[in-house]
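Undergrad: Contents of model31.cif (mmCIF, C-alpha atoms) are below:
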data_protein
#
loop_
_atom_site.group_PDB
_atom_site.id
_atom_site.type_symbol
_atom_site.label_atom_id
_atom_site.label_comp_id
_atom_site.auth_asym_id
_atom_site.auth_seq_id
_atom_site.Cartn_x
_atom_site.Cartn_y
_atom_site.Cartn_z
ATOM 1 C CA MET O 299 26.097 -29.634 21.667
ATOM 2 C CA VAL O 300 23.027 -27.417 21.553
ATOM 3 C CA ALA O 301 23.201 -24.187 23.503
ATOM 4 C CA LYS O 302 20.587 -23.786 26.217
ATOM 5 C CA MET O 303 17.968 -21.189 25.331
ATOM 6 C CA ALA O 304 17.280 -18.331 27.736
ATOM 7 C CA PRO O 305 13.923 -18.806 29.531
ATOM 8 C CA ASP O 306 12.462 -15.542 28.191
ATOM 9 C CA ILE O 307 13.329 -16.504 24.608
ATOM 10 C CA ALA O 308 11.865 -19.994 25.131
ATOM 11 C CA VAL O 309 8.628 -18.527 26.500
ATOM 12 C CA TRP O 310 8.412 -16.071 23.595
ATOM 13 C CA LEU O 311 8.877 -18.810 20.996
ATOM 14 C CA SER O 312 6.447 -21.179 22.736
ATOM 15 C CA THR O 313 3.818 -18.442 23.048
ATOM 16 C CA ARG O 314 4.127 -17.534 19.365
ATOM 17 C CA HIS O 315 3.916 -21.163 18.321
ATOM 18 C CA ALA O 316 0.894 -21.891 20.546
ATOM 19 C CA HIS O 317 -0.871 -18.761 19.243
ATOM 20 C CA HIS O 318 -0.221 -19.792 15.657
ATOM 21 C CA VAL O 319 -1.479 -23.354 16.191
ATOM 22 C CA ILE O 320 -4.658 -22.262 17.990
ATOM 23 C CA GLU O 321 -5.414 -19.474 15.511
ATOM 24 C CA THR O 322 -4.888 -21.845 12.571
ATOM 25 C CA ARG O 323 -7.285 -24.391 14.070
ATOM 26 C CA LEU O 324 -9.912 -21.705 14.694
ATOM 27 C CA GLU O 325 -9.564 -20.292 11.163
ATOM 28 C CA HIS O 326 -9.808 -23.775 9.672
ATOM 29 C CA ALA O 327 -12.926 -24.679 11.706
ATOM 30 C CA LEU O 328 -14.675 -21.464 10.674
ATOM 31 C CA LYS O 329 -13.691 -21.800 7.009
ATOM 32 C CA GLU O 330 -14.745 -25.450 6.957
ATOM 33 C CA THR O 331 -18.296 -24.419 7.931
ATOM 34 C CA ASP O 332 -18.458 -21.452 5.515
ATOM 35 C CA LEU O 333 -18.254 -18.873 8.289
ATOM 36 C CA PRO O 334 -16.366 -15.570 8.001
ATOM 37 C CA PRO O 335 -12.739 -15.329 9.185
ATOM 38 C CA LEU O 336 -11.623 -15.291 12.792
ATOM 39 C CA ALA O 337 -11.062 -11.510 12.878
ATOM 40 C CA TRP O 338 -14.757 -10.989 12.156
ATOM 41 C CA HIS O 339 -15.769 -13.266 15.016
ATOM 42 C CA GLU O 340 -13.358 -11.616 17.440
ATOM 43 C CA LEU O 341 -14.966 -8.265 16.595
ATOM 44 C CA LEU O 342 -18.499 -9.650 16.908
ATOM 45 C CA MET O 343 -17.689 -11.309 20.253
ATOM 46 C CA GLU O 344 -16.284 -8.064 21.677
ATOM 47 C CA LEU O 345 -19.379 -6.173 20.582
ATOM 48 C CA ARG O 346 -21.610 -8.853 22.044
ATOM 49 C CA ARG O 347 -19.811 -8.553 25.404
ATOM 50 C CA CYS O 348 -20.006 -4.763 25.544
ATOM 51 C CA ASP O 349 -22.731 -2.291 26.343
ATOM 52 C CA PRO O 350 -25.746 -2.816 24.045
ATOM 53 C CA LYS O 351 -25.295 0.819 22.984
ATOM 54 C CA GLY O 352 -22.083 -0.206 21.230
ATOM 55 C CA MET O 353 -18.416 0.683 21.448
ATOM 56 C CA ARG O 354 -16.222 3.368 20.035
ATOM 57 C CA PRO O 355 -13.570 2.208 17.574
ATOM 58 C CA ALA O 356 -10.731 3.290 19.883
ATOM 59 C CA ALA O 357 -11.979 0.889 22.569
ATOM 60 C CA LEU O 358 -12.282 -1.901 20.010
ATOM 61 C CA GLU O 359 -8.765 -1.192 18.791
ATOM 62 C CA ARG O 360 -7.397 -1.704 22.317
ATOM 63 C CA ARG O 361 -9.481 -4.797 23.063
ATOM 64 C CA LEU O 362 -8.704 -6.502 19.758
ATOM 65 C CA SER O 363 -5.029 -5.449 19.785
ATOM 66 C CA ILE O 364 -5.054 -4.357 16.153
ATOM 67 C CA PRO O 365 -3.909 -1.072 14.605
ATOM 68 C CA GLN O 366 -6.436 1.607 13.666
ATOM 69 C CA TYR O 367 -6.007 1.182 9.904
ATOM 70 C CA ALA O 368 -6.702 -2.574 10.144
ATOM 71 C CA LEU O 369 -9.710 -1.986 12.386
ATOM 72 C CA SER O 370 -11.141 0.560 9.926
ATOM 73 C CA ARG O 371 -10.930 -1.973 7.091
ATOM 74 C CA LEU O 372 -12.383 -4.717 9.271
ATOM 75 C CA LEU O 373 -15.287 -2.512 10.367
ATOM 76 C CA LYS O 374 -16.062 -1.628 6.759
ATOM 77 C CA ARG O 375 -16.097 -5.262 5.599
ATOM 78 C CA VAL O 376 -18.222 -6.467 8.524
ATOM 79 C CA ALA O 377 -20.614 -3.505 8.157
ATOM 80 C CA ASP O 378 -20.916 -4.162 4.405
ATOM 81 C CA ALA O 379 -21.952 -7.724 5.305
ATOM 82 C CA GLY O 380 -24.692 -6.299 7.550
ATOM 83 C CA LEU O 381 -23.329 -7.743 10.794
ATOM 84 C CA ILE O 382 -22.545 -4.444 12.494
ATOM 85 C CA GLU O 383 -23.773 -0.894 12.314
ATOM 86 C CA ARG O 384 -21.624 2.207 12.552
ATOM 87 C CA ARG O 385 -23.559 5.216 13.706
ATOM 88 C CA PRO O 386 -22.559 8.752 14.657
ATOM 89 C CA LEU O 387 -22.494 9.591 18.333
ATOM 90 C CA PRO O 388 -25.047 12.231 19.267
ATOM 91 C CA GLY O 389 -23.342 15.564 19.853
ATOM 92 C CA ASP O 390 -20.074 14.621 18.134
ATOM 93 C CA ARG O 391 -20.230 14.436 14.357
ATOM 94 C CA ARG O 392 -16.733 12.984 14.047
ATOM 95 C CA ALA O 393 -17.186 10.136 16.534
ATOM 96 C CA ILE O 394 -18.985 6.872 15.852
ATOM 97 C CA GLU O 395 -20.140 3.910 17.849
ATOM 98 C CA VAL O 396 -20.194 0.362 16.549
ATOM 99 C CA LEU O 397 -22.889 -2.109 17.467
ATOM 100 C CA LEU O 398 -24.162 -5.524 16.478
ATOM 101 C CA THR O 399 -27.113 -5.871 14.145
ATOM 102 C CA ASP O 400 -29.630 -8.683 14.505
ATOM 103 C CA ASP O 401 -27.731 -10.525 11.764
ATOM 104 C CA GLY O 402 -24.520 -10.019 13.744
ATOM 105 C CA ARG O 403 -26.103 -11.573 16.826
ATOM 106 C CA LYS O 404 -27.318 -14.500 14.716
ATOM 107 C CA MET O 405 -23.810 -14.954 13.310
ATOM 108 C CA CYS O 406 -22.375 -15.055 16.858
ATOM 109 C CA HIS O 407 -24.960 -17.668 17.800
ATOM 110 C CA ARG O 408 -24.225 -19.727 14.674
ATOM 111 C CA ALA O 409 -20.437 -19.523 15.029
ATOM 112 C CA TRP O 410 -20.124 -20.078 18.777
ATOM 113 C CA PRO O 411 -20.436 -23.914 18.793
ATOM 114 C CA ILE O 412 -17.825 -24.221 16.031
ATOM 115 C CA PHE O 413 -15.508 -21.696 17.706
ATOM 116 C CA ARG O 414 -15.946 -23.357 21.118
ATOM 117 C CA ALA O 415 -15.261 -26.855 19.767
ATOM 118 C CA ALA O 416 -12.063 -25.631 18.092
ATOM 119 C CA LEU O 417 -10.960 -23.953 21.330
ATOM 120 C CA LEU O 418 -11.674 -27.078 23.326
ATOM 121 C CA SER O 419 -9.649 -29.208 20.942
ATOM 122 C CA SER O 420 -6.777 -26.713 21.126
ATOM 123 C CA ILE O 421 -6.794 -25.780 24.792
ATOM 124 C CA GLY O 422 -9.537 -27.512 26.759
ATOM 125 C CA LEU O 423 -8.410 -31.047 25.999
ATOM 126 C CA THR O 424 -4.777 -30.114 26.602
ATOM 127 C CA LEU O 425 -4.957 -28.123 29.836
ATOM 128 C CA LYS O 426 -6.876 -28.842 33.019
ATOM 129 C CA ASP O 427 -9.029 -25.938 34.222
ATOM 130 C CA ASP O 428 -6.526 -25.008 36.970
ATOM 131 C CA ASP O 429 -3.650 -25.006 34.497
ATOM 132 C CA ALA O 430 -5.644 -22.888 32.038
ATOM 133 C CA GLN O 431 -6.459 -20.372 34.799
ATOM 134 C CA ASN O 432 -2.824 -20.252 35.910
ATOM 135 C CA LEU O 433 -1.665 -19.706 32.336
ATOM 136 C CA GLN O 434 -4.235 -16.949 31.845
ATOM 137 C CA GLY O 435 -2.997 -15.252 35.016
ATOM 138 C CA LEU O 436 0.617 -15.483 33.922
ATOM 139 C CA LEU O 437 -0.160 -14.093 30.467
ATOM 140 C CA LYS O 438 -2.107 -11.208 32.021
ATOM 141 C CA GLU O 439 0.910 -10.447 34.212
ATOM 142 C CA VAL O 440 3.202 -10.406 31.208
ATOM 143 C CA ALA O 441 0.787 -8.200 29.233
ATOM 144 C CA GLY O 442 0.454 -5.837 32.184
ATOM 145 C CA ALA O 443 4.220 -5.517 32.487
ATOM 146 C CA SER O 444 4.535 -3.681 29.170
#
Could you write out this file's structure as structure tokens?
TA:
Amino acid sequence: MVAKMAPDIAVWLSTRHAHHVIETRLEHALKETDLPPLAWHELLMELRRCDPKGMRPAALERRLSIPQYALSRLLKRVADAGLIERRPLPGDRRAIEVLLTDDGRKMCHRAWPIFRAALLSSIGLTLKDDDAQNLQGLLKEVAGAS
């Protein structure tokens, strides 16, 4: 006889598994088309959504849910590729802002159809729009509870 799993444990395991499956599909789709890794595209998409003047690294750290040391390495690699620019904030020599370059915008444009197709095959074909919205709401509630 198999013991029944507590609902919170079942949700945790299902969420981790779903995240892994979706992330793997996205990584594979990007790699298959010779595009940079998913972390690069997540960064570029956040910058594309933000103020055209750019974002401070601390805001990116929160929005991407990655630690500062990992973000610093990511910013360096993406900047070295010419997709973002890091520039000092006027009046504060220690602070920087990060913004997309023209090449970064082109990369977003090039990657979006591949990214979108992978998302649709992972989520869009599985969940109806109402279900996807309900799941998003539930996940936001859980994230807000911490």
Undergrad: Which residue, O:Lys329, O:His339, O:Lys351, O:Arg314, has the smallest gap to Glu395 (chain O) when you use all atoms listed in the file?
TA: O:Lys351
Undergrad: Could you state the separation of CA of His317 (chain O) and CA of Arg403 (chain O) in Å, given to one decimal place?
TA: 26.3 Å
Undergrad: Please, what distance in Å, to one decimal, runs between CA of Ala409 (chain O) and CA of His318 (chain O)?
TA: 20.2 Å
Undergrad: Using all atoms listed in the file, pick whichever of O:Arg346, O:Met353, O:Glu359, O:Cys406 has the shortest atom-to-atom distance to Arg384 (chain O).
TA: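 Looking at the shortest contact to Arg384 (chain O), the residue is O:Met353.
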Undergrad: Counting all atoms listed in the file, which of O:Leu418, O:Val319, O:Trp310, O:Leu341 gets nearest to Ile364 (chain O)?
TA: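 Answer, going by the shortest atom-to-atom distance: O:Leu341.
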Undergrad: Under the PyMOL selection byres ((chain O and resi 398) around 9), which residues of this model are included? Write them out as a ChimeraX atom specification.
TA: /O:342,345-346,350,352,380-383,396-397,399-403
Undergrad: Looking at only C-alpha atoms, which of O:Leu372, O:Leu387, O:Ala415, O:Ile394 is the one that sits closest to Trp338 (chain O)?
TA: O:Leu372
Undergrad: Rank nothing, just name the residue among O:Leu373, O:Ala327, O:Leu333, O:Ala301 nearest to Ser419 (chain O), using all atoms listed in the file.
TA: O:Ala327
Undergrad: Would you please work out which residue, of O:Thr424, O:Ala304, O:Thr313, O:Pro334, is nearest to Ala379 (chain O) when using all atoms listed in the file?
TA: O:Pro334
Undergrad: Using all atoms of region 423-431 of chain O that appear in the file, construct an axis-aligned enclosing box with 3 Å of padding on every side and provide its centre coordinates and edge lengths in Å, rounded to one decimal, as lines of an AutoDock Vina configuration file.
TA:
center_x = -6.3
center_y = -25.7
center_z = 31.5
size_x = 11.4
size_y = 16.7
size_z = 17.0
Undergrad: Interatomic distance between CA of Arg361 (chain O) and CA of Arg408 (chain O)?
TA: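 Taking CA of Arg361 (chain O) and CA of Arg408 (chain O), their separation equals 22.6 Å.
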Undergrad: Quick check on the file I pasted: which residues fall under the PyMOL selection byres ((chain O and resi 369) around 12)? Write them as a short mmCIF file (atom, residue, chain, number, x, y, z; two decimals) with C-alpha atoms, in the frame of the given file.
TA:
data_model
loop_
_atom_site.label_atom_id
_atom_site.label_comp_id
_atom_site.auth_asym_id
_atom_site.auth_seq_id
_atom_site.Cartn_x
_atom_site.Cartn_y
_atom_site.Cartn_z
CA ALA O 337 -11.06 -11.51 12.88
CA TRP O 338 -14.76 -10.99 12.16
CA GLU O 340 -13.36 -11.62 17.44
CA LEU O 341 -14.97 -8.26 16.60
CA ARG O 354 -16.22 3.37 20.04
CA PRO O 355 -13.57 2.21 17.57
CA ALA O 356 -10.73 3.29 19.88
CA ALA O 357 -11.98 0.89 22.57
CA LEU O 358 -12.28 -1.90 20.01
CA GLU O 359 -8.76 -1.19 18.79
CA ARG O 360 -7.40 -1.70 22.32
CA ARG O 361 -9.48 -4.80 23.06
CA LEU O 362 -8.70 -6.50 19.76
CA SER O 363 -5.03 -5.45 19.78
CA ILE O 364 -5.05 -4.36 16.15
CA PRO O 365 -3.91 -1.07 14.60
CA GLN O 366 -6.44 1.61 13.67
CA TYR O 367 -6.01 1.18 9.90
CA ALA O 368 -6.70 -2.57 10.14
CA SER O 370 -11.14 0.56 9.93
CA ARG O 371 -10.93 -1.97 7.09
CA LEU O 372 -12.38 -4.72 9.27
CA LEU O 373 -15.29 -2.51 10.37
CA LYS O 374 -16.06 -1.63 6.76
CA ARG O 375 -16.10 -5.26 5.60
CA VAL O 376 -18.22 -6.47 8.52
CA ALA O 377 -20.61 -3.50 8.16
CA VAL O 396 -20.19 0.36 16.55
#
